[in-house]
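> my_file32.pdb is the file, holding PDB, C-alpha atoms and all ligand atoms:
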ATOM      1  CA  MET A   1     -32.747 -10.766  15.036
ATOM      2  CA  SER A   2     -29.913  -8.264  15.381
ATOM      3  CA  PRO A   3     -29.934  -5.371  12.899
ATOM      4  CA  LYS A   4     -27.935  -5.741   9.701
ATOM      5  CA  PRO A   5     -24.431  -4.300  10.006
ATOM      6  CA  VAL A   6     -23.074  -1.645   7.662
ATOM      7  CA  LEU A   7     -20.177  -3.227   5.745
ATOM      8  CA  ILE A   8     -17.339  -1.036   4.542
ATOM      9  CA  ALA A   9     -14.675  -2.764   2.467
ATOM     10  CA  GLN A  10     -11.375  -0.904   2.646
ATOM     11  CA  ILE A  11      -8.730  -1.478  -0.004
ATOM     12  CA  SER A  12      -5.474   0.410  -0.105
ATOM     13  CA  ASP A  13      -2.321   1.222  -2.008
ATOM     14  CA  LEU A  14      -3.189   0.015  -5.502
ATOM     15  CA  HIS A  15      -0.130   1.683  -7.122
ATOM     16  CA  ILE A  16      -1.535   1.368 -10.628
ATOM     17  CA  LYS A  17       1.070   1.937 -13.380
ATOM     18  CA  PRO A  18       0.467   2.502 -17.089
ATOM     19  CA  PRO A  19      -0.689  -0.684 -18.879
ATOM     20  CA  GLY A  20       2.082  -3.268 -19.134
ATOM     21  CA  VAL A  21       4.414  -1.571 -16.633
ATOM     22  CA  LEU A  22       5.408  -3.414 -13.446
ATOM     23  CA  ALA A  23       5.874  -1.569 -10.137
ATOM     24  CA  TYR A  24       9.553  -1.630  -9.112
ATOM     25  CA  GLY A  25      10.135  -3.719 -12.246
ATOM     26  CA  ARG A  26       8.574  -6.701 -10.486
ATOM     27  CA  VAL A  27       4.953  -6.349  -9.269
ATOM     28  CA  ASP A  28       1.981  -6.498 -11.648
ATOM     29  CA  THR A  29      -0.210  -4.155  -9.599
ATOM     30  CA  ALA A  30      -2.952  -4.098 -12.276
ATOM     31  CA  ALA A  31      -3.361  -7.899 -12.173
ATOM     32  CA  ALA A  32      -3.322  -7.787  -8.367
ATOM     33  CA  PHE A  33      -6.081  -5.163  -8.416
ATOM     34  CA  GLN A  34      -8.146  -7.210 -10.886
ATOM     35  CA  ARG A  35      -8.035 -10.117  -8.432
ATOM     36  CA  CYS A  36      -9.073  -7.696  -5.674
ATOM     37  CA  VAL A  37     -12.053  -6.442  -7.713
ATOM     38  CA  ALA A  38     -13.113 -10.057  -8.372
ATOM     39  CA  ALA A  39     -12.903 -10.815  -4.633
ATOM     40  CA  LEU A  40     -14.977  -7.730  -3.758
ATOM     41  CA  ASN A  41     -17.622  -8.646  -6.356
ATOM     42  CA  ALA A  42     -17.783 -12.218  -5.050
ATOM     43  CA  PHE A  43     -18.016 -11.308  -1.373
ATOM     44  CA  THR A  44     -21.322 -11.976   0.348
ATOM     45  CA  PRO A  45     -23.062 -10.179   1.865
ATOM     46  CA  LYS A  46     -22.415  -7.344  -0.496
ATOM     47  CA  PRO A  47     -20.402  -4.515   1.128
ATOM     48  CA  ASP A  48     -22.251  -1.176   1.224
ATOM     49  CA  LEU A  49     -19.213   0.770   0.030
ATOM     50  CA  VAL A  50     -15.554   0.357  -0.929
ATOM     51  CA  VAL A  51     -13.139   2.960   0.450
ATOM     52  CA  ILE A  52      -9.714   3.206  -1.191
ATOM     53  CA  SER A  53      -7.320   4.694   1.314
ATOM     54  CA  GLY A  54      -4.768   6.231  -0.995
ATOM     55  CA  ASP A  55      -1.974   5.502  -3.445
ATOM     56  CA  LEU A  56      -4.401   4.689  -6.236
ATOM     57  CA  ALA A  57      -1.791   5.602  -8.866
ATOM     58  CA  ASP A  58       1.971   5.257  -8.548
ATOM     59  CA  THR A  59       3.880   8.079 -10.269
ATOM     60  CA  PRO A  60       1.235   9.718 -10.640
ATOM     61  CA  THR A  61       0.281  10.378 -14.275
ATOM     62  CA  ALA A  62      -3.022  10.919 -16.097
ATOM     63  CA  GLU A  63      -2.314   7.673 -17.991
ATOM     64  CA  GLU A  64      -2.208   5.782 -14.689
ATOM     65  CA  TYR A  65      -5.579   7.228 -13.608
ATOM     66  CA  ASP A  66      -7.061   6.300 -16.995
ATOM     67  CA  HIS A  67      -5.777   2.761 -16.512
ATOM     68  CA  LEU A  68      -7.166   2.737 -12.961
ATOM     69  CA  LYS A  69     -10.611   3.849 -14.146
ATOM     70  CA  ARG A  70     -10.697   1.014 -16.689
ATOM     71  CA  LEU A  71      -9.706  -1.452 -13.965
ATOM     72  CA  PHE A  72     -12.564  -0.155 -11.780
ATOM     73  CA  GLU A  73     -15.173  -0.762 -14.495
ATOM     74  CA  PRO A  74     -15.957  -4.389 -13.473
ATOM     75  CA  LEU A  75     -16.442  -3.406  -9.805
ATOM     76  CA  LYS A  76     -20.132  -3.795  -8.951
ATOM     77  CA  LEU A  77     -19.950  -1.795  -5.697
ATOM     78  CA  PRO A  78     -19.934   1.968  -5.077
ATOM     79  CA  PHE A  79     -16.491   3.280  -4.201
ATOM     80  CA  VAL A  80     -14.777   6.420  -2.936
ATOM     81  CA  GLY A  81     -11.099   7.260  -2.727
ATOM     82  CA  ILE A  82      -8.743   9.550  -0.862
ATOM     83  CA  PRO A  83      -5.258  10.499  -2.033
ATOM     84  CA  GLY A  84      -2.009   9.052  -0.731
ATOM     85  CA  ASN A  85       1.516  10.310  -1.235
ATOM     86  CA  HIS A  86       1.662   8.696  -4.703
ATOM     87  CA  ASP A  87      -1.474  10.536  -5.874
ATOM     88  CA  SER A  88      -2.220  13.973  -7.271
ATOM     89  CA  ARG A  89      -5.219  15.895  -5.937
ATOM     90  CA  GLN A  90      -5.744  17.547  -9.285
ATOM     91  CA  MET A  91      -5.572  14.308 -11.261
ATOM     92  CA  MET A  92      -7.872  12.543  -8.813
ATOM     93  CA  ARG A  93     -10.433  15.345  -9.080
ATOM     94  CA  ALA A  94     -10.227  15.044 -12.858
ATOM     95  CA  ALA A  95     -10.527  11.237 -12.743
ATOM     96  CA  PHE A  96     -13.428  11.186 -10.239
ATOM     97  CA  PRO A  97     -15.239  14.524 -10.738
ATOM     98  CA  LEU A  98     -18.572  13.370  -9.299
ATOM     99  CA  ALA A  99     -17.307  12.629  -5.783
ATOM    100  CA  ALA A 100     -18.827  14.792  -3.030
ATOM    101  CA  TYR A 101     -15.673  16.684  -2.085
ATOM    102  CA  ALA A 102     -16.063  19.035   0.870
ATOM    103  CA  PHE A 103     -14.049  21.817  -0.824
ATOM    104  CA  PRO A 104     -14.125  23.005  -4.459
ATOM    105  CA  SER A 105     -10.294  22.955  -4.493
ATOM    106  CA  GLY A 106      -7.438  21.787  -2.275
ATOM    107  CA  PRO A 107      -7.757  18.736  -0.012
ATOM    108  CA  LEU A 108     -10.138  15.990  -1.175
ATOM    109  CA  ASN A 109     -12.013  15.500   2.105
ATOM    110  CA  GLN A 110     -15.418  13.853   1.996
ATOM    111  CA  ARG A 111     -18.221  13.072   4.394
ATOM    112  CA  LEU A 112     -20.571  10.177   3.665
ATOM    113  CA  GLU A 113     -23.595   8.925   5.579
ATOM    114  CA  ILE A 114     -24.388   5.223   5.413
ATOM    115  CA  GLY A 115     -27.388   4.331   7.530
ATOM    116  CA  GLY A 116     -26.593   5.452  11.066
ATOM    117  CA  LEU A 117     -22.884   5.754  10.355
ATOM    118  CA  ASP A 118     -20.721   8.686   9.212
ATOM    119  CA  LEU A 119     -17.547   8.157   7.205
ATOM    120  CA  LEU A 120     -15.088  11.034   7.178
ATOM    121  CA  LEU A 121     -12.416  10.767   4.515
ATOM    122  CA  LEU A 122      -9.392  12.950   5.193
ATOM    123  CA  ASP A 123      -6.794  13.989   2.661
ATOM    124  CA  SER A 124      -3.394  13.710   4.388
ATOM    125  CA  SER A 125      -1.330  14.049   1.205
ATOM    126  CA  VAL A 126       1.369  16.737   0.958
ATOM    127  CA  HIS A 127       2.288  17.643  -2.599
ATOM    128  CA  GLY A 128       5.595  16.051  -3.609
ATOM    129  CA  GLN A 129       6.286  14.592  -0.148
ATOM    130  CA  PRO A 130       6.067  11.024   1.138
ATOM    131  CA  HIS A 131       4.902  11.970   4.650
ATOM    132  CA  GLY A 132       1.380  12.994   5.565
ATOM    133  CA  GLU A 133      -0.079  16.048   7.217
ATOM    134  CA  LEU A 134      -3.617  17.266   7.857
ATOM    135  CA  ASP A 135      -3.620  20.914   6.818
ATOM    136  CA  ALA A 136      -5.463  23.670   8.704
ATOM    137  CA  PRO A 137      -8.596  23.675   6.479
ATOM    138  CA  THR A 138      -8.873  19.880   6.836
ATOM    139  CA  LEU A 139      -8.528  20.024  10.638
ATOM    140  CA  GLN A 140     -11.117  22.811  10.851
ATOM    141  CA  TRP A 141     -13.478  20.892   8.594
ATOM    142  CA  LEU A 142     -12.971  17.726  10.652
ATOM    143  CA  ASP A 143     -13.655  19.552  13.926
ATOM    144  CA  ALA A 144     -16.806  21.229  12.581
ATOM    145  CA  THR A 145     -18.061  18.026  10.935
ATOM    146  CA  LEU A 146     -17.514  15.940  14.057
ATOM    147  CA  ALA A 147     -19.240  18.626  16.164
ATOM    148  CA  SER A 148     -22.233  18.824  13.815
ATOM    149  CA  SER A 149     -23.796  15.464  14.797
ATOM    150  CA  PRO A 150     -22.247  14.285  18.083
ATOM    151  CA  GLU A 151     -24.605  11.309  18.518
ATOM    152  CA  ARG A 152     -23.677   9.576  15.264
ATOM    153  CA  PRO A 153     -20.726   7.155  15.228
ATOM    154  CA  ALA A 154     -17.968   8.169  12.824
ATOM    155  CA  LEU A 155     -15.143   6.264  11.142
ATOM    156  CA  LEU A 156     -12.133   8.261   9.940
ATOM    157  CA  PHE A 157     -10.165   7.229   6.856
ATOM    158  CA  LEU A 158      -6.814   8.696   5.846
ATOM    159  CA  HIS A 159      -3.744   7.394   4.030
ATOM    160  CA  HIS A 160      -0.967   8.015   6.550
ATOM    161  CA  PRO A 161      -0.928   6.147   9.887
ATOM    162  CA  PRO A 162      -0.700   8.481  12.894
ATOM    163  CA  PHE A 163       1.427   5.986  14.872
ATOM    164  CA  GLN A 164       4.848   4.359  14.610
ATOM    165  CA  THR A 165       4.955   0.830  13.252
ATOM    166  CA  GLY A 166       8.599   0.076  14.062
ATOM    167  CA  ILE A 167       9.432  -0.107  10.347
ATOM    168  CA  TRP A 168      12.083   2.624  10.251
ATOM    169  CA  HIS A 169      11.667   3.958   6.719
ATOM    170  CA  MET A 170       7.858   4.110   6.995
ATOM    171  CA  ASP A 171       7.864   5.762  10.416
ATOM    172  CA  ARG A 172       9.745   8.773   9.073
ATOM    173  CA  GLN A 173       6.932   9.301   6.531
ATOM    174  CA  ASN A 174       3.829   8.755   8.662
ATOM    175  CA  LEU A 175       1.330  11.463   9.721
ATOM    176  CA  LEU A 176       3.521  14.376  10.793
ATOM    177  CA  ASN A 177       0.931  16.203  12.899
ATOM    178  CA  ALA A 178      -0.540  13.141  14.599
ATOM    179  CA  GLY A 179      -0.727  15.105  17.880
ATOM    180  CA  GLU A 180      -3.262  17.524  16.395
ATOM    181  CA  LEU A 181      -5.393  14.640  15.192
ATOM    182  CA  ALA A 182      -5.133  12.974  18.626
ATOM    183  CA  SER A 183      -6.391  16.031  20.505
ATOM    184  CA  MET A 184      -9.265  16.415  18.078
ATOM    185  CA  VAL A 185     -10.254  12.752  18.341
ATOM    186  CA  ARG A 186     -10.209  13.041  22.145
ATOM    187  CA  ARG A 187     -12.644  15.962  21.929
ATOM    188  CA  HIS A 188     -15.097  13.940  19.835
ATOM    189  CA  PRO A 189     -15.996  10.568  21.365
ATOM    190  CA  ARG A 190     -18.068   9.635  18.342
ATOM    191  CA  VAL A 191     -14.889   8.580  16.486
ATOM    192  CA  GLN A 192     -14.992   4.783  16.677
ATOM    193  CA  LEU A 193     -12.201   3.774  14.285
ATOM    194  CA  ILE A 194      -9.319   5.367  12.381
ATOM    195  CA  ALA A 195      -8.475   3.384   9.242
ATOM    196  CA  THR A 196      -5.292   4.078   7.274
ATOM    197  CA  GLY A 197      -3.012   2.570   4.622
ATOM    198  CA  HIS A 198       0.490   3.401   3.325
ATOM    199  CA  VAL A 199       2.348   0.439   4.888
ATOM    200  CA  HIS A 200       0.652  -2.335   2.861
ATOM    201  CA  ARG A 201       0.212  -4.616   5.861
ATOM    202  CA  ALA A 202      -2.510  -5.354   8.426
ATOM    203  CA  THR A 203      -1.593  -3.489  11.612
ATOM    204  CA  LEU A 204      -3.524  -2.435  14.710
ATOM    205  CA  ALA A 205      -2.723   0.172  17.362
ATOM    206  CA  MET A 206      -4.601   2.288  19.884
ATOM    207  CA  PHE A 207      -4.349   5.977  19.051
ATOM    208  CA  ALA A 208      -5.991   8.675  21.194
ATOM    209  CA  GLY A 209      -8.053   5.886  22.771
ATOM    210  CA  VAL A 210      -9.413   4.703  19.416
ATOM    211  CA  PRO A 211      -8.556   1.478  17.534
ATOM    212  CA  THR A 212      -6.461   2.477  14.534
ATOM    213  CA  THR A 213      -5.699   0.146  11.657
ATOM    214  CA  ILE A 214      -3.484  -0.110   8.612
ATOM    215  CA  CYS A 215      -5.077  -1.925   5.683
ATOM    216  CA  PRO A 216      -3.161  -4.619   3.792
ATOM    217  CA  ALA A 217      -2.669  -4.211   0.032
ATOM    218  CA  PRO A 218      -3.728  -6.357  -2.932
ATOM    219  CA  ASN A 219      -0.164  -6.420  -4.309
ATOM    220  CA  HIS A 220       3.005  -6.296  -2.188
ATOM    221  CA  ALA A 221       3.717  -5.636   1.494
ATOM    222  CA  VAL A 222       6.364  -3.407   3.044
ATOM    223  CA  ASP A 223       8.884  -5.815   4.567
ATOM    224  CA  LEU A 224       8.402  -6.249   8.325
ATOM    225  CA  ASP A 225      11.971  -5.179   9.042
ATOM    226  CA  LEU A 226      11.781  -4.162  12.702
ATOM    227  CA  ASP A 227      15.544  -4.291  13.151
ATOM    228  CA  HIS A 228      16.650  -1.942  10.369
ATOM    229  CA  LEU A 229      18.485  -4.836   8.713
ATOM    230  CA  ARG A 230      17.803  -3.821   5.121
ATOM    231  CA  GLU A 231      17.316  -0.842   2.890
ATOM    232  CA  PRO A 232      13.579  -0.163   2.244
ATOM    233  CA  SER A 233      12.243  -3.446   0.875
ATOM    234  CA  PHE A 234       8.999  -5.184   0.001
ATOM    235  CA  ARG A 235       7.785  -8.774  -0.056
ATOM    236  CA  VAL A 236       4.970 -10.320  -2.020
ATOM    237  CA  GLU A 237       2.851 -11.605   0.860
ATOM    238  CA  PRO A 238      -0.754 -12.923   0.754
ATOM    239  CA  PRO A 239      -2.932 -10.110  -0.657
ATOM    240  CA  ALA A 240      -5.872  -8.921   1.443
ATOM    241  CA  PHE A 241      -8.344  -6.160   2.236
ATOM    242  CA  HIS A 242     -10.182  -5.028   5.345
ATOM    243  CA  LEU A 243     -13.890  -5.328   5.983
ATOM    244  CA  HIS A 244     -15.164  -2.978   8.683
ATOM    245  CA  SER A 245     -18.562  -4.048  10.040
ATOM    246  CA  TRP A 246     -20.507  -1.559  12.071
ATOM    247  CA  PHE A 247     -23.258  -3.033  14.209
ATOM    248  CA  PRO A 248     -25.895  -0.547  15.394
ATOM    249  CA  GLY A 249     -26.539  -0.791  19.113
ATOM    250  CA  GLU A 250     -26.351   0.992  22.407
ATOM    251  CA  GLY A 251     -24.264   4.148  22.398
ATOM    252  CA  PHE A 252     -22.255   4.259  19.191
ATOM    253  CA  GLY A 253     -22.778   0.586  18.364
ATOM    254  CA  SER A 254     -19.672  -1.477  17.690
ATOM    255  CA  VAL A 255     -17.112  -1.858  14.936
ATOM    256  CA  VAL A 256     -15.409  -5.138  14.018
ATOM    257  CA  THR A 257     -12.614  -5.297  11.437
ATOM    258  CA  HIS A 258     -11.988  -8.493   9.462
ATOM    259  CA  GLN A 259      -9.014  -9.224   7.261
ATOM    260  CA  VAL A 260     -10.143 -10.864   4.014
ATOM    261  CA  PHE A 261      -7.498 -12.677   1.979
ATOM    262  CA  ILE A 262      -7.712 -12.433  -1.808
ATOM    263  CA  GLY A 263      -7.358 -15.738  -3.662
ATOM    264  CA  ASP A 264      -8.804 -19.202  -4.135
ATOM    265  CA  PHE A 265      -8.541 -21.212  -0.938
ATOM    266  CA  ASP A 266      -9.729 -24.708  -0.103
ATOM    267  CA  GLY A 267     -13.199 -24.632   1.509
ATOM    268  CA  PRO A 268     -15.537 -23.778   3.029
ATOM    269  CA  HIS A 269     -16.038 -27.281   4.452
ATOM    270  CA  PRO A 270     -18.635 -28.232   7.090
ATOM    271  CA  PHE A 271     -17.486 -28.968  10.627
ATOM    272  CA  PHE A 272     -20.445 -31.296  11.235
ATOM    273  CA  GLY A 273     -21.931 -34.220   9.316
ATOM    274  CA  PRO A 274     -25.650 -34.789   8.609
ATOM    275  CA  ASP A 275     -25.925 -36.556  11.997
ATOM    276  CA  GLY A 276     -24.808 -33.366  13.747
ATOM    277  CA  LYS A 277     -21.549 -34.953  14.873
ATOM    278  CA  LEU A 278     -18.128 -33.398  14.301
ATOM    279  CA  LEU A 279     -16.549 -34.817  11.160
TER     280      LEU A 279
HETATM  281 FE    FE A 301       1.741   5.677   0.651
END
Please, can you express the file's structure as structure tokens?


Amino acid sequence: MSPKPVLIAQISDLHIKPPGVLAYGRVDTAAAFQRCVAALNAFTPKPDLVVISGDLADTPTAEEYDHLKRLFEPLKLPFVGIPGNHDSRQMMRAAFPLAAYAFPSGPLNQRLEIGGLDLLLLDSSVHGQPHGELDAPTLQWLDATLASSPERPALLFLHHPPFQTGIWHMDRQNLLNAGELASMVRRHPRVQLIATGHVHRATLAMFAGVPTTICPAPNHAVDLDLDHLREPSFRVEPPAFHLHSWFPGEGFGSVVTHQVFIGDFDGPHPFFGPDGKLL
């Protein structure tokens, strides 16, 4: 039997408002997140960890983080979060004081070991700005951490994608110093996946020779406007999260990313009848 994979559920861009307030006057992000929590609790096999890749709050305010913490209460899985451009480092530290942050102040980077796998959570937020940037302490920490155990596979998580999606208003607020991340990733072959958020839609690209994903959101998606037809817009598309499965094996093993839709869908139904024939 093949060894059990490590399962990392990634959710992103929760944009929690104060109770009763809709995002953009239209989206009930709290209700969307409640459905996401229910889907995570119901998923089998149980994920080992939930990573929230930024934009946990929306404005941000302490009231939003209080609301968020209450919404997390029913979640039966361990979780960790990194800030996005809608978050505040200080408020996140206050809301989640027990997280194993790499630094006592500043960026909220974290390193977690799950079985044979390392997760490196990078804080790409820039105070008051929509774009992302990995600051010098974060890059130094990443380099040293990657160098410290070169045989272990590592997954990187950060909010801002380091590549262009073709969605004009998101591309001007992606990871500003993507080149610095690329050269670092090239120096450390143990990086097996870079998982991001920010754009609220499932996206895949190769970056520095590594598969790099954007996680869909539980609420609304940034409109796939590749022709600059509209002002920045969103659509309420099917909500989803990502499930990254790491299978131990030769070399660094292998990583497979599934998109899991949130909702009640017809099925599962068997393909075959009791006689073994296709139905
Ligand atoms: Fe964002």

> Any chance you could resolve the PyMOL selection byres (((chain A and resi 155) around 9) and not hetatm) against this file and give the residues as a PyMOL selection string?

chain A and resi 117-121+153-154+156-157+190-195

> Which chains and residue numbers are within 8 Å of ligand FE 301 (chain A), counting all atoms listed in the file, if I want them as a list in words?

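Answer in the requested format: Asp13, Gly54, Asp55, Gly84, Asn85, His86, Pro130, His159, His160, Gly197, His198 and Val199 of chain A.
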
> Taking (-0.1, 16.4, 4.5) in the file's coordinates as the center, which residues reach within 9 Å of it, counting only C-alpha atoms, put as a PyMOL selection string?

chain A and resi 85+123-127+129-135+160+175-177

> Generate a file of the selected residues that holds C-alpha atoms, formatted as a compact mmCIF listing (two decimals), keeping the file's coordinate frame.


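Listed below is the output, again01.txt:
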# COMPACT_ATOMS: atom_id res chain seq x y z
CA ASN A 85 1.52 10.31 -1.24
CA ASP A 123 -6.79 13.99 2.66
CA SER A 124 -3.39 13.71 4.39
CA SER A 125 -1.33 14.05 1.20
CA VAL A 126 1.37 16.74 0.96
CA HIS A 127 2.29 17.64 -2.60
CA GLN A 129 6.29 14.59 -0.15
CA PRO A 130 6.07 11.02 1.14
CA HIS A 131 4.90 11.97 4.65
CA GLY A 132 1.38 12.99 5.56
CA GLU A 133 -0.08 16.05 7.22
CA LEU A 134 -3.62 17.27 7.86
CA ASP A 135 -3.62 20.91 6.82
CA HIS A 160 -0.97 8.02 6.55
CA LEU A 175 1.33 11.46 9.72
CA LEU A 176 3.52 14.38 10.79
CA ASN A 177 0.93 16.20 12.90

> Do a neighbour search on Gly166 in chain A at 9 Å with only C-alpha atoms, toss out local chain neighbours closer than 6 positions, and write the hits as a list in words.

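The filter keeps Leu224, Asp225, Leu226 and Asp227 of chain A.
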
> Decode the PyMOL selection byres (((chain A and resi 9) around 6) and not hetatm) for the given file into explicit residues and return them as a list in words.

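For this structure, the PyMOL selection byres (((chain A and resi 9) around 6) and not hetatm) captures Ile8, Gln10, Val50, His242 and Leu243 of chain A.
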
> Tell me, in Å to one decimal, how far CA of Pro97 in chain A is from CA of Thr29 in chain A.

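Distance between the two atoms: 24.0 Å.
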
> Report the distance between CA of Leu98 in chain A and CA of His188 in chain A in Å, rounded to one decimal place.

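According to the coordinates, CA of Leu98 in chain A and CA of His188 in chain A are separated by 29.3 Å.
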
> Any chance you could resolve the PyMOL selection byres (((chain A and resi 62-79) around 9) and not hetatm) against this file and give the residues as number ranges by chain?

A: 14-19, 30, 33-34, 37-38, 40-41, 46-52, 56-61, 80-81, 91-92, 94-96

> Please determine, counting all atoms listed in the file, which residue among A:Val210, A:Val6, A:Ala240, A:Ile11 has the shortest atom-to-atom distance to Thr196 in chain A.

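Using all atoms listed in the file, the shortest distance to Thr196 in chain A belongs to A:Ile11.
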
> Find the residues near His169 in chain A: any atom within 10 Å, counting all atoms listed in the file, skip ones fewer than 2 places away on the same chain, and give them as a PyMOL selection string.

chain A and resi 165-167+171-174+222+225+228+231-233

> Grab the residues selected above and save them as a PDB file, keeping the file's coordinate frame with C-alpha atoms.


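result.pdb was written with the following content:
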ATOM      1  CA  THR A 165       4.955   0.830  13.252  1.00  0.00           C
ATOM      2  CA  GLY A 166       8.599   0.076  14.062  1.00  0.00           C
ATOM      3  CA  ILE A 167       9.432  -0.107  10.347  1.00  0.00           C
ATOM      4  CA  ASP A 171       7.864   5.762  10.416  1.00  0.00           C
ATOM      5  CA  ARG A 172       9.745   8.773   9.073  1.00  0.00           C
ATOM      6  CA  GLN A 173       6.932   9.301   6.531  1.00  0.00           C
ATOM      7  CA  ASN A 174       3.829   8.755   8.662  1.00  0.00           C
ATOM      8  CA  VAL A 222       6.364  -3.407   3.044  1.00  0.00           C
ATOM      9  CA  ASP A 225      11.971  -5.179   9.042  1.00  0.00           C
ATOM     10  CA  HIS A 228      16.650  -1.942  10.369  1.00  0.00           C
ATOM     11  CA  GLU A 231      17.316  -0.842   2.890  1.00  0.00           C
ATOM     12  CA  PRO A 232      13.579  -0.163   2.244  1.00  0.00           C
ATOM     13  CA  SER A 233      12.243  -3.446   0.875  1.00  0.00           C
TER      14      SER A 233
END

> Quick one: residues within 8 Å of Thr138 in chain A, all atoms listed in the file counted, chain neighbours fewer than 6 positions away excluded, as a PDB file with C-alpha atoms, in the coordinates of the input?


ATOM      1  CA  PRO A 107      -7.757  18.736  -0.012  1.00  0.00           C
ATOM      2  CA  ASN A 109     -12.013  15.500   2.105  1.00  0.00           C
ATOM      3  CA  LEU A 122      -9.392  12.950   5.193  1.00  0.00           C
ATOM      4  CA  ASP A 123      -6.794  13.989   2.661  1.00  0.00           C
TER       5      ASP A 123
END

> So, with only C-alpha atoms as the atoms that count, which of A:Ser245, A:Thr145, A:Gln164, A:Thr257 lies closest to Ile114 in chain A?

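Closest to Ile114 in chain A of all the choices is A:Ser245.
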
> To one decimal in Å, tell me the separation between CA of Val256 in chain A and CA of His269 in chain A.

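Going from CA of Val256 in chain A over to CA of His269 in chain A covers 24.1 Å.
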
> Of the residues A:Arg93, A:Pro211, A:Ala31, A:Trp141, which is the one nearest to Val255 in chain A, using only C-alpha atoms?

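Closest to Val255 in chain A of all the choices is A:Pro211.
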
> Ranking A:Gly249, A:Pro83, A:Val260, A:Trp168 by minimum distance to Lys4 in chain A and counting all atoms listed in the file, which one comes first?

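Checking each of A:Gly249, A:Pro83, A:Val260, A:Trp168 against Lys4 in chain A, counting all atoms listed in the file, the winner is A:Gly249.
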
> Here is a test: counting all atoms listed in the file, which residue of A:Gly116, A:Pro248, A:Gly20, A:Pro104 is nearest to Ser149 in chain A?

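The shortest atom-to-atom distance to Ser149 in chain A comes from A:Gly116.
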